$ cat run.txt   # compact mmCIF, N, CA and C atoms
# COMPACT_ATOMS: atom_id res chain seq x y z
N MET L 1 17.57 5.30 -1.03
CA MET L 1 19.00 5.09 -0.96
C MET L 1 19.26 4.03 0.10
N TYR L 2 20.11 3.10 -0.22
CA TYR L 2 20.41 2.02 0.73
C TYR L 2 21.90 1.98 0.99
N ASN L 3 22.28 2.01 2.26
CA ASN L 3 23.67 1.91 2.67
C ASN L 3 23.88 0.51 3.21
N GLU L 4 24.54 -0.35 2.42
CA GLU L 4 24.73 -1.74 2.82
C GLU L 4 25.57 -1.86 4.08
N LYS L 5 26.58 -1.01 4.23
CA LYS L 5 27.45 -1.09 5.40
C LYS L 5 26.69 -0.85 6.70
N LYS L 6 25.74 0.08 6.66
CA LYS L 6 24.96 0.41 7.84
C LYS L 6 23.59 -0.26 7.85
N ASP L 7 23.26 -1.00 6.78
CA ASP L 7 21.93 -1.60 6.62
C ASP L 7 20.86 -0.53 6.86
N ASP L 8 21.03 0.61 6.16
CA ASP L 8 20.18 1.77 6.36
C ASP L 8 19.49 2.13 5.05
N LEU L 9 18.16 2.30 5.10
CA LEU L 9 17.37 2.64 3.93
C LEU L 9 16.75 4.02 4.11
N LYS L 10 16.91 4.86 3.10
CA LYS L 10 16.29 6.18 3.08
C LYS L 10 15.51 6.30 1.77
N VAL L 11 14.27 6.76 1.86
CA VAL L 11 13.43 6.95 0.68
C VAL L 11 13.15 8.44 0.54
N ILE L 12 13.53 8.98 -0.62
CA ILE L 12 13.27 10.38 -0.90
C ILE L 12 12.54 10.44 -2.24
N ASP L 13 11.30 10.90 -2.20
CA ASP L 13 10.49 11.01 -3.41
C ASP L 13 9.55 12.19 -3.23
N TRP L 14 9.87 13.28 -3.90
CA TRP L 14 9.09 14.49 -3.73
C TRP L 14 7.93 14.60 -4.74
N GLU L 15 7.78 13.64 -5.63
CA GLU L 15 6.77 13.74 -6.69
C GLU L 15 5.36 13.91 -6.13
N TYR L 16 5.02 13.15 -5.12
CA TYR L 16 3.68 13.23 -4.53
C TYR L 16 3.76 13.69 -3.08
N ALA L 17 4.72 14.53 -2.78
CA ALA L 17 4.94 14.96 -1.40
C ALA L 17 3.71 15.69 -0.85
N SER L 18 3.37 15.34 0.37
CA SER L 18 2.29 16.01 1.08
C SER L 18 2.41 15.66 2.57
N MET L 19 1.61 16.30 3.36
CA MET L 19 1.61 16.04 4.79
C MET L 19 0.73 14.82 5.06
N ASN L 20 1.34 13.66 5.10
CA ASN L 20 0.62 12.39 5.26
C ASN L 20 1.20 11.57 6.40
N ASP L 21 0.46 10.58 6.76
CA ASP L 21 0.95 9.51 7.61
C ASP L 21 2.13 8.88 6.86
N PRO L 22 3.28 8.68 7.51
CA PRO L 22 4.42 8.06 6.82
C PRO L 22 4.07 6.71 6.19
N TYR L 23 3.10 6.02 6.75
CA TYR L 23 2.72 4.72 6.20
C TYR L 23 2.02 4.87 4.85
N SER L 24 1.52 6.06 4.57
CA SER L 24 0.94 6.31 3.26
C SER L 24 2.00 6.10 2.19
N ASP L 25 3.17 6.65 2.39
CA ASP L 25 4.27 6.46 1.43
C ASP L 25 4.67 5.00 1.33
N LEU L 26 4.75 4.34 2.47
CA LEU L 26 5.15 2.93 2.45
C LEU L 26 4.12 2.09 1.69
N GLY L 27 2.85 2.35 1.91
CA GLY L 27 1.80 1.64 1.19
C GLY L 27 1.84 1.92 -0.30
N LEU L 28 2.09 3.18 -0.67
CA LEU L 28 2.18 3.54 -2.09
C LEU L 28 3.39 2.87 -2.74
N ILE L 29 4.51 2.82 -2.04
CA ILE L 29 5.69 2.16 -2.58
C ILE L 29 5.41 0.67 -2.77
N ALA L 30 4.86 0.04 -1.75
CA ALA L 30 4.59 -1.40 -1.82
C ALA L 30 3.54 -1.71 -2.89
N GLY L 31 2.48 -0.91 -2.93
CA GLY L 31 1.42 -1.14 -3.90
C GLY L 31 1.86 -0.84 -5.33
N GLY L 32 2.55 0.27 -5.50
CA GLY L 32 2.99 0.67 -6.83
C GLY L 32 4.01 -0.26 -7.44
N ASN L 33 4.73 -0.97 -6.60
CA ASN L 33 5.76 -1.89 -7.07
C ASN L 33 5.35 -3.35 -6.94
N TYR L 34 4.09 -3.57 -6.64
CA TYR L 34 3.52 -4.93 -6.55
C TYR L 34 4.34 -5.83 -5.61
N PHE L 35 4.61 -5.30 -4.41
CA PHE L 35 5.33 -6.09 -3.42
C PHE L 35 4.55 -7.36 -3.08
N THR L 36 5.28 -8.41 -2.80
CA THR L 36 4.69 -9.63 -2.28
C THR L 36 4.44 -9.45 -0.78
N GLU L 37 3.72 -10.37 -0.19
CA GLU L 37 3.47 -10.34 1.25
C GLU L 37 4.79 -10.33 2.02
N ASP L 38 5.74 -11.16 1.60
CA ASP L 38 7.03 -11.21 2.28
C ASP L 38 7.76 -9.87 2.19
N MET L 39 7.63 -9.21 1.05
CA MET L 39 8.26 -7.90 0.88
C MET L 39 7.59 -6.85 1.77
N ASP L 40 6.27 -6.95 1.93
CA ASP L 40 5.55 -6.05 2.83
C ASP L 40 6.05 -6.23 4.27
N VAL L 41 6.22 -7.46 4.67
CA VAL L 41 6.73 -7.75 6.02
C VAL L 41 8.12 -7.16 6.18
N LYS L 42 8.98 -7.37 5.20
CA LYS L 42 10.35 -6.86 5.26
C LYS L 42 10.36 -5.33 5.31
N LEU L 43 9.52 -4.68 4.51
CA LEU L 43 9.43 -3.23 4.52
C LEU L 43 9.03 -2.73 5.90
N CYS L 44 8.05 -3.38 6.51
CA CYS L 44 7.60 -3.02 7.85
C CYS L 44 8.74 -3.18 8.86
N MET L 45 9.45 -4.27 8.75
CA MET L 45 10.54 -4.53 9.69
C MET L 45 11.68 -3.52 9.51
N ILE L 46 12.01 -3.19 8.28
CA ILE L 46 13.06 -2.20 8.03
C ILE L 46 12.66 -0.86 8.64
N TYR L 47 11.40 -0.47 8.42
CA TYR L 47 10.92 0.81 8.93
C TYR L 47 10.96 0.85 10.46
N HIS L 48 10.78 -0.30 11.10
CA HIS L 48 10.76 -0.38 12.56
C HIS L 48 12.06 -0.93 13.14
N GLY L 49 13.15 -0.71 12.43
CA GLY L 49 14.46 -1.07 12.97
C GLY L 49 14.68 -2.55 13.16
N GLY L 50 14.08 -3.37 12.30
CA GLY L 50 14.29 -4.81 12.36
C GLY L 50 13.22 -5.58 13.11
N LYS L 51 12.25 -4.87 13.69
CA LYS L 51 11.19 -5.53 14.44
C LYS L 51 9.87 -5.40 13.68
N PHE L 52 9.06 -6.44 13.74
CA PHE L 52 7.75 -6.41 13.10
C PHE L 52 6.78 -5.64 13.99
N ASP L 53 5.96 -4.79 13.38
CA ASP L 53 4.97 -3.99 14.10
C ASP L 53 3.60 -4.25 13.49
N ASP L 54 2.68 -4.82 14.27
CA ASP L 54 1.35 -5.20 13.76
C ASP L 54 0.58 -4.00 13.21
N ILE L 55 0.58 -2.91 13.95
CA ILE L 55 -0.18 -1.73 13.51
C ILE L 55 0.47 -1.12 12.27
N GLY L 56 1.78 -1.06 12.25
CA GLY L 56 2.47 -0.55 11.06
C GLY L 56 2.18 -1.40 9.83
N PHE L 57 2.18 -2.70 10.01
CA PHE L 57 1.88 -3.61 8.89
C PHE L 57 0.44 -3.40 8.42
N ALA L 58 -0.49 -3.26 9.36
CA ALA L 58 -1.89 -3.02 8.99
C ALA L 58 -2.02 -1.75 8.18
N LYS L 59 -1.33 -0.70 8.59
CA LYS L 59 -1.38 0.56 7.85
C LYS L 59 -0.81 0.41 6.44
N ILE L 60 0.30 -0.30 6.31
CA ILE L 60 0.89 -0.52 4.98
C ILE L 60 -0.12 -1.22 4.08
N LYS L 61 -0.74 -2.27 4.59
CA LYS L 61 -1.71 -3.02 3.78
C LYS L 61 -2.92 -2.16 3.42
N LEU L 62 -3.45 -1.40 4.38
CA LEU L 62 -4.62 -0.57 4.10
C LEU L 62 -4.30 0.56 3.12
N TYR L 63 -3.12 1.13 3.23
CA TYR L 63 -2.73 2.16 2.28
C TYR L 63 -2.51 1.58 0.88
N GLN L 64 -2.17 0.32 0.78
CA GLN L 64 -2.10 -0.31 -0.54
C GLN L 64 -3.48 -0.33 -1.19
N ILE L 65 -4.50 -0.61 -0.38
CA ILE L 65 -5.88 -0.60 -0.89
C ILE L 65 -6.25 0.80 -1.36
N VAL L 66 -5.95 1.80 -0.53
CA VAL L 66 -6.23 3.18 -0.91
C VAL L 66 -5.51 3.54 -2.21
N SER L 67 -4.28 3.11 -2.33
CA SER L 67 -3.50 3.38 -3.54
C SER L 67 -4.15 2.77 -4.77
N ASP L 68 -4.61 1.54 -4.66
CA ASP L 68 -5.24 0.89 -5.81
C ASP L 68 -6.56 1.58 -6.18
N ILE L 69 -7.32 2.02 -5.20
CA ILE L 69 -8.55 2.76 -5.50
C ILE L 69 -8.19 4.06 -6.23
N LYS L 70 -7.24 4.78 -5.69
CA LYS L 70 -6.82 6.06 -6.29
C LYS L 70 -6.36 5.86 -7.73
N TRP L 71 -5.43 4.95 -7.93
CA TRP L 71 -4.84 4.79 -9.27
C TRP L 71 -5.80 4.09 -10.22
N GLY L 72 -6.72 3.30 -9.70
CA GLY L 72 -7.74 2.70 -10.55
C GLY L 72 -8.65 3.77 -11.14
N TYR L 73 -9.12 4.68 -10.29
CA TYR L 73 -9.96 5.78 -10.79
C TYR L 73 -9.16 6.70 -11.72
N TRP L 74 -7.92 6.93 -11.40
CA TRP L 74 -7.07 7.75 -12.26
C TRP L 74 -6.96 7.11 -13.64
N ALA L 75 -6.77 5.80 -13.69
CA ALA L 75 -6.67 5.09 -14.97
C ALA L 75 -7.95 5.24 -15.78
N LEU L 76 -9.10 5.16 -15.13
CA LEU L 76 -10.37 5.35 -15.85
C LEU L 76 -10.47 6.75 -16.44
N GLN L 77 -10.02 7.72 -15.68
CA GLN L 77 -10.03 9.09 -16.18
C GLN L 77 -9.10 9.21 -17.39
N GLN L 78 -7.97 8.51 -17.36
CA GLN L 78 -7.03 8.54 -18.48
C GLN L 78 -7.62 7.88 -19.73
N VAL L 79 -8.41 6.83 -19.55
CA VAL L 79 -9.05 6.16 -20.69
C VAL L 79 -9.87 7.18 -21.48
N VAL L 80 -10.56 8.06 -20.78
CA VAL L 80 -11.44 9.05 -21.42
C VAL L 80 -10.67 10.25 -21.95
N ASN L 81 -9.65 10.70 -21.23
CA ASN L 81 -9.04 12.00 -21.53
C ASN L 81 -7.61 11.99 -22.07
N SER L 82 -6.89 10.90 -21.96
CA SER L 82 -5.48 10.91 -22.32
C SER L 82 -5.24 10.61 -23.80
N ASP L 83 -4.25 11.31 -24.36
CA ASP L 83 -3.80 11.03 -25.72
C ASP L 83 -2.56 10.13 -25.72
N VAL L 84 -2.10 9.75 -24.54
CA VAL L 84 -0.92 8.91 -24.41
C VAL L 84 -1.28 7.49 -24.85
N PRO L 85 -0.48 6.91 -25.76
CA PRO L 85 -0.79 5.54 -26.23
C PRO L 85 -0.40 4.49 -25.19
N PHE L 86 -1.26 4.29 -24.23
CA PHE L 86 -1.03 3.33 -23.14
C PHE L 86 -2.36 2.64 -22.87
N ASP L 87 -2.30 1.36 -22.52
CA ASP L 87 -3.51 0.60 -22.24
C ASP L 87 -3.96 0.83 -20.80
N TYR L 88 -4.57 1.99 -20.56
CA TYR L 88 -5.02 2.35 -19.22
C TYR L 88 -6.11 1.40 -18.72
N MET L 89 -6.91 0.88 -19.63
CA MET L 89 -7.99 -0.02 -19.21
C MET L 89 -7.41 -1.32 -18.65
N ASN L 90 -6.34 -1.81 -19.23
CA ASN L 90 -5.67 -3.00 -18.70
C ASN L 90 -5.07 -2.70 -17.33
N TRP L 91 -4.49 -1.54 -17.18
CA TRP L 91 -3.89 -1.17 -15.91
C TRP L 91 -4.97 -1.04 -14.84
N TYR L 92 -6.10 -0.45 -15.23
CA TYR L 92 -7.26 -0.38 -14.34
C TYR L 92 -7.68 -1.79 -13.91
N GLY L 93 -7.73 -2.70 -14.86
CA GLY L 93 -8.11 -4.08 -14.57
C GLY L 93 -7.19 -4.74 -13.56
N MET L 94 -5.89 -4.46 -13.67
CA MET L 94 -4.93 -5.01 -12.70
C MET L 94 -5.19 -4.46 -11.31
N LYS L 95 -5.50 -3.17 -11.21
CA LYS L 95 -5.79 -2.56 -9.91
C LYS L 95 -7.06 -3.16 -9.30
N VAL L 96 -8.09 -3.32 -10.11
CA VAL L 96 -9.35 -3.88 -9.62
C VAL L 96 -9.17 -5.33 -9.19
N ALA L 97 -8.39 -6.09 -9.94
CA ALA L 97 -8.15 -7.50 -9.57
C ALA L 97 -7.44 -7.58 -8.23
N ARG L 98 -6.47 -6.70 -8.01
CA ARG L 98 -5.77 -6.74 -6.73
C ARG L 98 -6.68 -6.25 -5.60
N LEU L 99 -7.55 -5.27 -5.90
CA LEU L 99 -8.51 -4.82 -4.90
C LEU L 99 -9.42 -5.97 -4.47
N GLN L 100 -9.85 -6.76 -5.43
CA GLN L 100 -10.70 -7.90 -5.10
C GLN L 100 -9.96 -8.86 -4.17
N HIS L 101 -8.69 -9.07 -4.45
CA HIS L 101 -7.86 -9.92 -3.59
C HIS L 101 -7.80 -9.35 -2.17
N PHE L 102 -7.59 -8.03 -2.06
CA PHE L 102 -7.54 -7.40 -0.75
C PHE L 102 -8.88 -7.49 -0.03
N TRP L 103 -9.99 -7.25 -0.74
CA TRP L 103 -11.31 -7.29 -0.10
C TRP L 103 -11.61 -8.67 0.46
N GLU L 104 -11.08 -9.70 -0.18
CA GLU L 104 -11.34 -11.07 0.26
C GLU L 104 -10.37 -11.55 1.33
N ASP L 105 -9.38 -10.75 1.66
CA ASP L 105 -8.41 -11.12 2.69
C ASP L 105 -9.09 -11.12 4.05
N PRO L 106 -9.10 -12.24 4.76
CA PRO L 106 -9.79 -12.30 6.05
C PRO L 106 -9.18 -11.37 7.10
N ARG L 107 -8.01 -10.85 6.86
CA ARG L 107 -7.39 -9.94 7.82
C ARG L 107 -7.88 -8.51 7.69
N LEU L 108 -8.65 -8.20 6.67
CA LEU L 108 -9.08 -6.83 6.44
C LEU L 108 -9.81 -6.25 7.66
N ASP L 109 -10.77 -6.97 8.20
CA ASP L 109 -11.48 -6.50 9.40
C ASP L 109 -10.52 -6.34 10.58
N ILE L 110 -9.58 -7.25 10.69
CA ILE L 110 -8.61 -7.18 11.79
C ILE L 110 -7.81 -5.89 11.69
N TRP L 111 -7.30 -5.58 10.49
CA TRP L 111 -6.49 -4.37 10.30
C TRP L 111 -7.30 -3.12 10.61
N ILE L 112 -8.52 -3.06 10.10
CA ILE L 112 -9.36 -1.88 10.34
C ILE L 112 -9.68 -1.75 11.82
N ASN L 113 -10.03 -2.85 12.47
CA ASN L 113 -10.35 -2.81 13.90
C ASN L 113 -9.14 -2.40 14.73
N MET L 114 -7.96 -2.90 14.38
CA MET L 114 -6.74 -2.53 15.11
C MET L 114 -6.55 -1.02 15.11
N LEU L 115 -6.76 -0.41 13.95
CA LEU L 115 -6.53 1.03 13.83
C LEU L 115 -7.62 1.85 14.50
N ASN L 116 -8.76 1.24 14.73
CA ASN L 116 -9.86 1.91 15.41
C ASN L 116 -9.92 1.58 16.89
N GLY L 117 -8.93 0.85 17.39
CA GLY L 117 -8.89 0.51 18.80
C GLY L 117 -9.94 -0.49 19.24
N LYS L 118 -10.44 -1.26 18.32
CA LYS L 118 -11.46 -2.26 18.63
C LYS L 118 -10.82 -3.64 18.69
N PRO L 119 -11.52 -4.62 19.24
CA PRO L 119 -10.98 -5.99 19.22
C PRO L 119 -10.70 -6.43 17.79
N ALA L 120 -9.68 -7.23 17.63
CA ALA L 120 -9.26 -7.66 16.29
C ALA L 120 -10.38 -8.38 15.54
N PHE L 121 -11.15 -9.16 16.26
CA PHE L 121 -12.25 -9.91 15.63
C PHE L 121 -13.56 -9.34 16.12
N ARG L 122 -14.57 -9.48 15.30
CA ARG L 122 -15.90 -9.05 15.69
C ARG L 122 -16.40 -9.93 16.83
N THR L 123 -17.01 -9.30 17.80
CA THR L 123 -17.58 -10.07 18.90
C THR L 123 -19.10 -9.99 18.81
N LYS L 124 -19.76 -10.99 19.40
CA LYS L 124 -21.23 -11.03 19.35
C LYS L 124 -21.84 -10.01 20.26
$ encode --input "run.txt" --output "structure tokens"
Amino acid sequence: MYNEKKDDLKVIDWEYASMNDPYSDLGLIAGGNYFTEDMDVKLCMIYHGGKFDDIGFAKIKLYQIVSDIKWGYWALQQVVNSDVPFDYMNWYGMKVARLQHFWEDPRLDIWINMLNGKPAFRTK
């Protein structure tokens, strides 16, 4: 829900509700809706009251990867077991293609290291 007068965004979705890191939901929303990089930045800024947060952004991006892994495997399971007339294999292919894009992102190590309290770049 978005209140334009207050520039306030509230997300309520109980479908996959669980006790998670709040960034899990943000990553799932961004990943499931194929947000662009600019949209990811904006989502992070909205969540942090208009300010960009490096760690929050890293979590959003990493949860997008987790989301694609999850839904990619789910799609494969649907190929074998579902009677629903949907091209799950194509959907799986889209998830894998985006995963490849994420794996090749040079910031991946930076994001993981940030969350582990290590230097952003590997040192010798």
$ residues_around --input "run.txt" --residues "Tyr92 (chain L)" --least-positions-apart "5" --cutoff "8 Å" --atoms "all atoms listed in the file" --output "list of chain:residue names"
L:Trp71, L:Gly72, L:Tyr73, L:Trp74, L:Ala75, L:Leu76, L:Asp87, L:Ala97, L:Arg98
$ closest_residue --input "run.txt" --among "L:Ser18, L:Asp38, L:Asn33, L:Lys61" --to "Leu115 (chain L)" --atoms "only C-alpha atoms"
L:Lys61
$ select_by_dssp --input "run.txt" --residues "chain L" --states "strand (DSSP E or B)" --output "list of chain:residue names"
L:Tyr2, L:Asn3, L:Asp8, L:Leu9
$ atom_distance --input "run.txt" --atom1 "CA of Met94 (chain L)" --atom2 "CA of Ile29 (chain L)"
16.3 Å
$ select_by_dssp --input "run.txt" --residues "chain L" --states "helix (DSSP H, G or I)" --output "PyMOL selection string"
chain L and resi 22-32+37-47+54-81+88-103+108-115
$ atom_distance --input "run.txt" --atom1 "CA of Tyr88 (chain L)" --atom2 "CA of Ser24 (chain L)"
23.6 Å
$ atom_distance --input "run.txt" --atom1 "atom N of Asp8 (chain L)" --atom2 "CA of Leu43 (chain L)"
12.3 Å
$ closest_atom_pairs --input "run.txt" --of "region 79-119 of chain L" --to "region 66-70 of chain L" --cutoff "7 Å" --atoms "all atoms listed in the file" --output "tab-separated table"
residue	atom	partner	partner_atom	distance
L:Lys95	CA	L:Asp68	CA	5.4
L:Val96	N	L:Asp68	C	6.5
L:Leu99	N	L:Asp68	CA	6.6
$ residues_around --input "run.txt" --residues "Leu62 (chain L)" --least-positions-apart "2" --cutoff "9 Å" --atoms "only C-alpha atoms" --output "PyMOL selection string"
chain L and resi 24+27+57-60+64-67+102+108+111-112
